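Student: Contents are compact mmCIF, C-alpha atoms; file name coords_2.txt:
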# COMPACT_ATOMS: atom_id res chain seq x y z
CA MET A 270 0.00 0.00 0.00
CA PHE A 271 2.94 2.30 0.60
CA ALA A 272 4.52 1.52 -2.72
CA THR A 273 2.41 4.10 -4.54
CA ALA A 274 3.88 7.56 -4.72
CA TYR A 275 1.57 10.07 -3.14
CA ALA A 276 1.31 13.69 -4.14
CA ILE A 277 3.73 15.74 -2.10
CA PRO A 278 1.22 18.52 -1.19
CA ASP A 279 -1.26 15.96 0.14
CA VAL A 280 1.40 14.36 2.29
CA LEU A 281 2.49 17.75 3.59
CA VAL A 282 -1.10 18.70 4.46
CA PHE A 283 -1.55 15.41 6.27
CA ALA A 284 1.71 15.87 8.16
CA GLY A 285 0.71 19.39 9.19
CA ALA A 286 -2.71 18.25 10.36
CA ALA A 287 -1.21 15.33 12.27
CA LEU A 288 1.33 17.61 13.93
CA LEU A 289 -1.39 20.08 14.99
CA ILE A 290 -3.70 17.34 16.25
CA ILE A 291 -1.14 15.39 18.25
CA THR A 292 0.55 18.47 19.72
CA GLY A 293 -2.80 19.94 20.72
CA ALA A 294 -4.15 16.71 22.16
CA LEU A 295 -1.00 16.09 24.21
CA GLY A 296 -1.18 19.69 25.40
CA VAL A 297 -4.73 19.16 26.66
CA ILE A 298 -3.77 16.28 28.92
CA VAL A 299 -0.34 17.57 30.00
CA MET A 300 -0.92 21.23 30.80
CA LYS A 301 -1.31 22.13 34.45
CA ASN A 302 -3.41 25.24 33.90
CA PRO A 303 -6.93 24.56 32.51
CA VAL A 304 -6.73 27.71 30.39
CA HIS A 305 -3.67 26.34 28.62
CA SER A 306 -5.50 23.05 28.11
CA ALA A 307 -8.38 24.88 26.46
CA LEU A 308 -5.98 26.73 24.16
CA SER A 309 -4.31 23.43 23.23
CA LEU A 310 -7.76 22.07 22.48
CA ILE A 311 -8.18 24.86 19.91
CA LEU A 312 -4.92 23.74 18.30
CA ALA A 313 -6.14 20.15 18.04
CA LEU A 314 -9.49 21.26 16.63
CA LEU A 315 -7.74 23.37 14.00
CA GLY A 316 -5.78 20.27 13.00
CA VAL A 317 -9.01 18.30 12.69
CA ALA A 318 -10.44 21.10 10.52
CA VAL A 319 -7.41 20.88 8.24
CA ALA A 320 -7.89 17.12 7.99
CA PHE A 321 -11.55 17.71 7.09
CA LEU A 322 -10.56 20.17 4.37
CA ALA A 323 -8.09 17.71 2.92
CA GLN A 324 -10.87 15.15 2.63
CA ASN A 325 -13.48 17.20 0.77
CA ALA A 326 -15.50 18.10 3.87
CA ASP A 327 -15.35 21.85 3.36
CA PHE A 328 -18.57 22.72 5.15
CA LEU A 329 -17.70 20.57 8.14
CA ALA A 330 -14.27 22.19 8.37
CA ALA A 331 -15.92 25.61 8.61
CA VAL A 332 -18.44 24.34 11.17
CA GLU A 333 -15.65 22.72 13.14
CA ILE A 334 -13.90 26.05 13.54
CA ILE A 335 -17.06 28.09 14.15
CA VAL A 336 -18.82 25.71 16.51
CA TYR A 337 -15.96 23.94 18.24
CA ALA A 338 -13.09 26.41 18.32
CA GLY A 339 -15.47 29.35 18.38
CA ALA A 340 -18.36 28.42 20.61
CA ILE A 341 -17.50 25.34 22.64
CA VAL A 342 -13.96 26.31 23.62
CA VAL A 343 -15.13 29.82 24.47
CA LEU A 344 -17.78 28.21 26.68
CA PHE A 345 -15.03 26.18 28.35
CA LEU A 346 -12.90 29.27 28.88
CA PHE A 347 -15.90 31.15 30.21
CA VAL A 348 -16.61 28.45 32.79
CA ILE A 349 -12.93 28.17 33.75
CA MET A 350 -12.69 31.88 34.37
CA PHE A 351 -16.12 32.02 35.99
CA LEU A 352 -15.09 29.37 38.52
CA GLY A 353 -11.54 30.65 38.92
CA VAL A 354 -8.58 28.61 37.79
CA ASP A 355 -8.57 25.56 39.99
CA LYS A 356 -4.98 24.52 40.53
CA SER A 357 -5.74 21.99 43.25
CA ASN A 358 -5.91 19.18 40.70
CA HIS A 359 -2.23 18.83 40.09
CA PRO A 360 -1.81 16.57 37.05
CA TYR A 361 1.50 15.11 38.19
CA VAL A 362 0.21 13.86 41.52
CA GLU A 363 -1.09 10.32 41.33
CA PRO A 364 -3.61 9.57 44.09
CA LEU A 365 -4.15 5.99 42.97
CA VAL A 366 -0.88 4.12 42.67
CA GLY A 367 -0.44 2.53 39.28
CA GLN A 368 -3.52 4.08 37.76
CA ARG A 369 -1.51 5.91 35.13
CA TRP A 370 0.28 2.78 33.95
CA LEU A 371 -2.92 0.77 33.86
CA ALA A 372 -4.60 3.53 31.86
CA ALA A 373 -1.70 3.68 29.41
CA LEU A 374 -1.77 -0.09 29.04
CA GLY A 375 -5.51 -0.15 28.41
CA VAL A 376 -5.30 2.66 25.89
CA LEU A 377 -2.43 1.01 24.04
CA VAL A 378 -4.25 -2.33 23.86
CA THR A 379 -7.41 -0.62 22.58
CA MET A 380 -5.54 1.44 20.00
CA SER A 381 -3.54 -1.49 18.67
CA GLY A 382 -6.75 -3.49 18.49
CA ILE A 383 -8.47 -0.78 16.47
CA ILE A 384 -5.50 -0.40 14.13
CA THR A 385 -5.21 -4.14 13.63
CA LEU A 386 -8.89 -4.41 12.84
CA MET A 387 -8.63 -1.57 10.35
CA ALA A 388 -5.57 -3.06 8.69
CA SER A 389 -7.39 -6.31 7.99
CA SER A 390 -10.48 -4.62 6.58
CA HIS A 391 -11.35 -3.87 3.00
CA TRP A 392 -12.23 -0.35 4.09
CA VAL A 393 -8.62 0.72 4.06
CA SER A 394 -7.04 -1.78 1.72
CA GLY A 395 -7.97 -0.10 -1.51
CA VAL A 396 -11.59 -0.97 -2.35
CA LEU A 397 -12.83 2.47 -3.22
CA SER A 398 -15.90 4.29 -4.39
CA SER A 399 -16.34 2.74 -7.81
CA SER A 400 -17.31 -0.61 -6.32
CA THR A 401 -19.90 0.89 -3.99
CA GLY A 402 -21.63 2.84 -6.74
CA GLY A 403 -21.43 6.13 -4.93
CA VAL A 404 -21.19 9.53 -6.50
CA ALA A 405 -17.84 11.17 -5.88
CA LEU A 406 -17.93 13.76 -3.15
CA ALA A 407 -17.84 17.27 -4.49
CA THR A 408 -15.55 19.94 -3.15
CA GLY A 409 -16.27 23.55 -2.28
CA ALA A 410 -19.82 24.74 -2.82
CA GLY A 411 -20.74 21.36 -4.29
CA ASN A 412 -20.01 19.76 -0.96
CA VAL A 413 -22.33 22.16 0.83
CA THR A 414 -25.06 21.34 -1.70
CA GLN A 415 -24.61 17.62 -1.22
CA LEU A 416 -24.64 17.91 2.55
CA GLY A 417 -27.69 20.17 2.50
CA ASP A 418 -29.57 17.78 0.23
CA SER A 419 -28.73 14.93 2.55
CA VAL A 420 -29.69 16.73 5.76
CA PHE A 421 -32.97 18.10 4.47
CA THR A 422 -34.21 15.00 2.67
CA THR A 423 -32.84 11.72 3.95
CA TYR A 424 -32.14 12.86 7.48
CA LEU A 425 -34.95 15.39 7.88
CA LEU A 426 -36.47 13.66 10.91
CA SER A 427 -33.13 13.53 12.68
CA PHE A 428 -32.61 17.17 11.89
CA GLU A 429 -35.92 18.09 13.48
CA ALA A 430 -35.10 15.90 16.47
CA THR A 431 -31.86 17.77 17.05
CA SER A 432 -33.81 21.00 17.44
CA GLY A 433 -35.73 19.39 20.28
CA LEU A 434 -32.47 18.14 21.76
CA LEU A 435 -30.98 21.62 21.70
CA ILE A 436 -34.05 23.14 23.36
CA ILE A 437 -33.91 20.51 26.11
CA ALA A 438 -30.18 21.10 26.59
CA VAL A 439 -30.61 24.86 26.88
CA VAL A 440 -33.46 24.55 29.39
CA GLY A 441 -31.49 21.97 31.36
CA ALA A 442 -28.38 24.13 31.44
CA VAL A 443 -30.35 27.14 32.62
CA LEU A 444 -31.99 25.09 35.38
CA LEU A 445 -28.66 23.61 36.47
CA ALA A 446 -26.70 26.82 36.51
CA ARG A 447 -29.42 28.93 38.11
CA ARG A 448 -28.65 29.95 41.66
CA GLU A 449 -30.99 28.14 43.99
CA ARG A 450 -32.76 30.22 46.56
CA PRO A 451 -34.37 29.38 49.89
CA ALA A 452 -37.71 30.19 48.33
CA ASP A 453 -37.31 27.20 46.03
CA SER A 454 -37.11 24.73 48.87
CA ASP A 455 -40.06 22.36 49.20
CA VAL A 456 -40.05 22.43 53.00
CA ASP A 457 -40.41 26.18 53.12
CA VAL A 458 -44.17 26.31 52.84
CA ASP A 459 -44.63 29.90 53.84
CA VAL A 460 -42.69 31.34 50.93
CA ASP A 461 -44.76 29.77 48.20
CA ILE A 462 -46.17 33.13 47.35
CA ASP A 463 -42.70 34.51 46.78
CA VAL A 464 -42.80 34.52 43.03
CA ASP A 465 -39.88 36.00 41.20
CA ILE A 466 -42.02 38.53 39.36
CA ASP A 467 -39.45 40.97 38.16
CA GLY A 468 -36.98 38.29 37.07
CA THR A 469 -34.14 39.68 39.13
CA GLY A 470 -33.79 36.50 41.17
CA ARG A 471 -34.33 38.34 44.44
CA VAL A 472 -37.30 37.07 46.35
CA GLY A 473 -38.01 36.32 49.98
CA GLY A 474 -36.66 39.58 51.33
CA GLY A 475 -33.02 38.57 51.10
CA GLU A 476 -32.77 37.55 54.75
CA VAL A 477 -30.21 34.88 53.92
CA SER A 478 -26.80 36.15 52.99
CA GLU A 479 -25.30 34.92 49.77
CA GLY A 480 -23.31 31.71 50.17
CA GLU A 481 -25.09 30.47 53.27
CA TRP A 482 -28.42 29.37 51.96
CA TRP A 483 -27.58 25.66 52.06
CA VAL A 484 -27.05 25.87 55.83
CA VAL A 485 -30.56 27.20 56.15
CA ASN A 486 -31.87 24.49 53.86
CA GLU A 487 -30.24 21.72 55.87
CA ARG A 488 -31.59 23.08 59.11
CA THR A 489 -35.14 23.34 57.84
CA SER A 490 -35.10 19.85 56.38
CA GLU A 491 -33.81 18.40 59.65
CA GLU A 492 -36.53 20.16 61.53
CA VAL A 493 -39.13 18.73 59.23
CA GLU A 494 -37.80 15.20 59.58
CA SER A 495 -37.67 15.39 63.39
CA MET B 9 -2.71 10.04 -5.69
CA THR B 10 -4.02 11.42 -2.49
CA VAL B 11 -3.07 10.23 0.96
CA PRO B 12 -4.62 6.83 1.75
CA ALA B 13 -7.48 6.58 4.21
CA SER B 14 -5.48 4.40 6.57
CA TRP B 15 -3.20 7.26 7.52
CA TYR B 16 -6.14 9.35 8.66
CA LEU B 17 -7.68 6.40 10.46
CA VAL B 18 -4.48 5.75 12.39
CA LEU B 19 -4.28 9.46 13.23
CA ALA B 20 -7.86 9.31 14.50
CA ALA B 21 -7.03 6.24 16.58
CA ILE B 22 -4.07 8.05 18.15
CA LEU B 23 -6.25 11.08 18.90
CA PHE B 24 -8.87 8.83 20.48
CA GLY B 25 -6.19 7.13 22.57
CA ILE B 26 -4.82 10.43 23.87
CA GLY B 27 -8.34 11.55 24.77
CA ALA B 28 -9.11 8.27 26.53
CA PHE B 29 -5.88 8.48 28.50
CA GLY B 30 -6.79 11.98 29.60
CA VAL B 31 -10.25 10.92 30.76
CA LEU B 32 -8.73 8.03 32.71
CA THR B 33 -5.99 9.97 34.45
CA ARG B 34 -6.98 13.62 34.87
CA ARG B 35 -9.23 14.53 37.77
CA SER B 36 -10.52 17.97 36.90
CA ALA B 37 -14.02 17.65 35.47
CA LEU B 38 -13.26 20.43 32.97
CA ILE B 39 -10.18 18.68 31.58
CA MET B 40 -12.16 15.45 31.37
CA PHE B 41 -14.76 17.22 29.27
CA MET B 42 -12.07 18.53 26.95
CA CYS B 43 -10.71 14.99 26.56
CA ILE B 44 -14.21 13.78 25.69
CA GLU B 45 -14.25 16.45 22.98
CA LEU B 46 -10.96 15.04 21.68
CA MET B 47 -12.47 11.56 21.49
CA LEU B 48 -15.56 12.88 19.71
CA ASN B 49 -13.35 14.62 17.19
CA ALA B 50 -11.42 11.42 16.59
CA VAL B 51 -14.69 9.71 15.73
CA ASN B 52 -15.64 12.64 13.50
CA LEU B 53 -12.36 12.31 11.65
CA THR B 54 -13.04 8.62 11.12
CA PHE B 55 -16.51 9.35 9.75
CA VAL B 56 -15.20 11.95 7.31
CA THR B 57 -12.47 9.60 6.16
CA PHE B 58 -14.96 6.82 5.49
CA ALA B 59 -17.25 9.29 3.72
CA ARG B 60 -14.40 10.04 1.35
CA THR B 61 -13.40 6.40 0.96
CA MET B 62 -16.91 5.21 0.21
CA SER B 63 -18.04 8.36 -1.61
CA ASP B 64 -21.08 8.58 0.62
CA ILE B 65 -22.22 11.93 1.97
CA GLY B 66 -23.95 10.11 4.85
CA GLY B 67 -20.70 10.06 6.79
CA GLN B 68 -20.46 13.83 6.71
CA THR B 69 -24.12 14.16 7.66
CA THR B 70 -23.44 11.99 10.69
CA VAL B 71 -20.56 14.26 11.69
CA PHE B 72 -22.94 17.21 11.43
CA PHE B 73 -25.31 15.56 13.91
CA ILE B 74 -22.46 14.51 16.18
CA MET B 75 -21.42 18.16 16.41
CA VAL B 76 -24.95 19.17 17.44
CA VAL B 77 -25.07 16.49 20.11
CA ALA B 78 -21.59 17.45 21.32
CA ALA B 79 -22.67 21.07 21.68
CA ALA B 80 -25.71 20.02 23.71
CA GLU B 81 -23.57 17.70 25.82
CA VAL B 82 -21.03 20.41 26.60
CA THR B 83 -23.79 22.84 27.56
CA VAL B 84 -25.39 20.48 30.04
CA GLY B 85 -22.05 19.16 31.28
CA LEU B 86 -20.66 22.58 32.04
CA GLY B 87 -23.94 23.44 33.76
CA ILE B 88 -23.41 20.42 36.00
CA VAL B 89 -19.81 21.47 36.67
CA VAL B 90 -20.96 24.93 37.70
CA ALA B 91 -23.68 23.48 39.94
CA VAL B 92 -21.20 21.11 41.60
CA PHE B 93 -18.61 23.84 42.02
CA ARG B 94 -21.17 25.98 43.81
CA ARG B 95 -21.53 23.31 46.49
CA ARG B 96 -17.94 22.10 46.79
CA ALA B 97 -15.69 24.90 45.50
CA SER B 98 -13.76 22.32 43.51
CA THR B 99 -13.99 20.67 40.12
CA SER B 100 -12.15 17.53 41.18
CA VAL B 101 -14.18 14.41 40.50
CA ASP B 102 -12.45 12.64 43.40
CA GLU B 103 -14.39 14.70 45.90
CA LEU B 104 -17.79 13.65 44.60
CA SER B 105 -18.06 10.70 46.95
CA GLU B 106 -21.44 11.09 48.63
CA LEU B 107 -22.60 7.83 47.11
CA GLN B 108 -19.47 6.08 48.42
CA GLY B 109 -18.36 5.20 44.93
Show me this structure written as structure tokens.
Tutor:
Amino acid sequence: MFATAYAIPDVLVFAGAALLIITGALGVIVMKNPVHSALSLILALLGVAVAFLAQNADFLAAVEIIVYAGAIVVLFLFVIMFLGVDKSNHPYVEPLVGQRWLAALGVLVTMSGIITLMASSHWVSGVLSSSTGGVALATGAGNVTQLGDSVFTTYLLSFEATSGLLIIAVVGAVLLARRERPADSDVDVDVDIDVDIDGTGRVGGGEVSEGEWWVVNERTSEEVES
Amino acid sequence: MTVPASWYLVLAAILFGIGAFGVLTRRSALIMFMCIELMLNAVNLTFVTFARTMSDIGGQTTVFFIMVVAAAEVTVGLGIVVAVFRRRASTSVDELSELQG
């Protein structure tokens, strides 16, 4: 399989993408500071986008950069900086003895298994598109047309389902990240009328100082149980 | 002739392995999420490679949906991290031991 001479530009593009991906991925798991990990993640995602471009997936390469490097990593960075950089999880301390070696062993076994399986499959041994009767993938705008046709005809139901998924995810994230208040507690019967009318999140007169509400909650639940 | 699919598949396998190692060894929930993103991207790379090999746009469509699901997953996951941090002031998964796991 390696006897064929490959076009030099293609090989160079692949080498560049591989370099970006592996450097970025190693950076994610090695860096001590979570911010540096997130920046390394951008590097790896850029490498993946280059690999997409090299394989006629132009639209997906653009989406990869916009959605992943643009939105998701920014969300990560936002949460990291919102919570404060947590340096208590030192990556070079190993609480469980031998865990790292066992993990490396398991990963190596899995990877070699995957590569062995791929090497013995017709998928990678040269049986290409002509035998499957497919239409060659277009590049550039043609690729966007093909993908759009596919999404809005064959996979229309899945596409509609993803909109529901996104709505559920947004509502769930808002519910999870919302600051709970004493007024929300089930055992506090006398504050049921405390509706957050103006949307400012301040109800119940603010008699509990910020950061101590859980103490109040625990006390009230104990009282109810006893 | 363009680069064979096997090169990209091996690259994807290596990326998946690095991500899996990170999930297994790092303890910060945020870093674990980033490693999960790495693994998802490895799978995406595999799908795109097979789409090219088999000349089937379905592989790329699948990657499109995987990206949507990954975005939803990150949103909810980071919401959980924020909620946990509010109670424990830490993102270490080792400290989440109320269920004695």
Student: Excluding region 335-350 of chain A and residues on its chain fewer than 3 positions from it, collect all residues at most 10 Å away from it, counting only C-alpha atoms, and give them as a PyMOL selection string.
Tutor: (chain A and resi 302-308+310-315+318+329-332+353-355) or (chain B and resi 38-39+41-42+45+49+75-76+78-80+82-83+86-87+89-90+99)
Student: What are the closest atom pairs, with distances in Å to one decimal, for each residue of chain B lying within 6 Å of chain A, using all atoms listed in the file, rows by chain and rising residue number, as a Markdown table?
Tutor:
| residue | atom | partner | partner_atom | distance |
| --- | --- | --- | --- | --- |
| B:Met9 | CA | A:Tyr275 | CA | 5.0 |
| B:Thr10 | CA | A:Tyr275 | CA | 5.8 |
| B:Ala13 | CA | A:Val393 | CA | 6.0 |
| B:Ser14 | CA | A:Val393 | CA | 5.4 |
| B:Gly25 | CA | A:Val376 | CA | 5.6 |
| B:Gly30 | CA | A:Ile298 | CA | 5.3 |
| B:Thr61 | CA | A:Leu397 | CA | 5.8 |
| B:Met62 | CA | A:Ser398 | CA | 4.8 |
| B:Ser63 | CA | A:Ala405 | CA | 5.1 |
| B:Ala80 | CA | A:Ala438 | CA | 5.4 |
| B:Val84 | CA | A:Ala442 | CA | 4.9 |
| B:Gly87 | CA | A:Ala442 | CA | 5.1 |
| B:Ala91 | CA | A:Ala446 | CA | 5.7 |
Student: Rounded to one decimal place, report the CA of Leu19 (chain B)-CA of Val77 (chain B) distance in Å.
Tutor: 23.0 Å
Student: Go ahead and compute the interatomic distance for CA of Glu106 (chain B) and CA of Val92 (chain B), in Å to one decimal.
Tutor: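 Distance between the two atoms: 12.2 Å.
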Student: For a test of reading the model, state the distance in Å between CA of Ser105 (chain B) and CA of Glu81 (chain B), rounded to one decimal.
Tutor: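 One can read the CA of Ser105 (chain B) to CA of Glu81 (chain B) distance as 22.9 Å.
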Student: Using all atoms listed in the file, which of B:Phe72, B:Arg60, B:Gly66, B:Tyr16 sits nearest Val319 (chain A)?
Tutor: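 Between B:Phe72, B:Arg60, B:Gly66, B:Tyr16, the residue approaching Val319 (chain A) most closely is B:Tyr16.
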Student: Pick the closest to Leu23 (chain B) from A:Ala430, A:Thr292, A:Val413, A:Gly285: which is it, counting all atoms listed in the file?
Tutor: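 Answer, going by the shortest atom-to-atom distance: A:Thr292.
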Student: Can you work out which one of B:Ile65, B:Ile74, B:Leu46, B:Ala37 has the shortest atom-to-atom distance to Phe93 (chain B), counting only C-alpha atoms?
Tutor: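 Nearest to Phe93 (chain B): B:Ala37.
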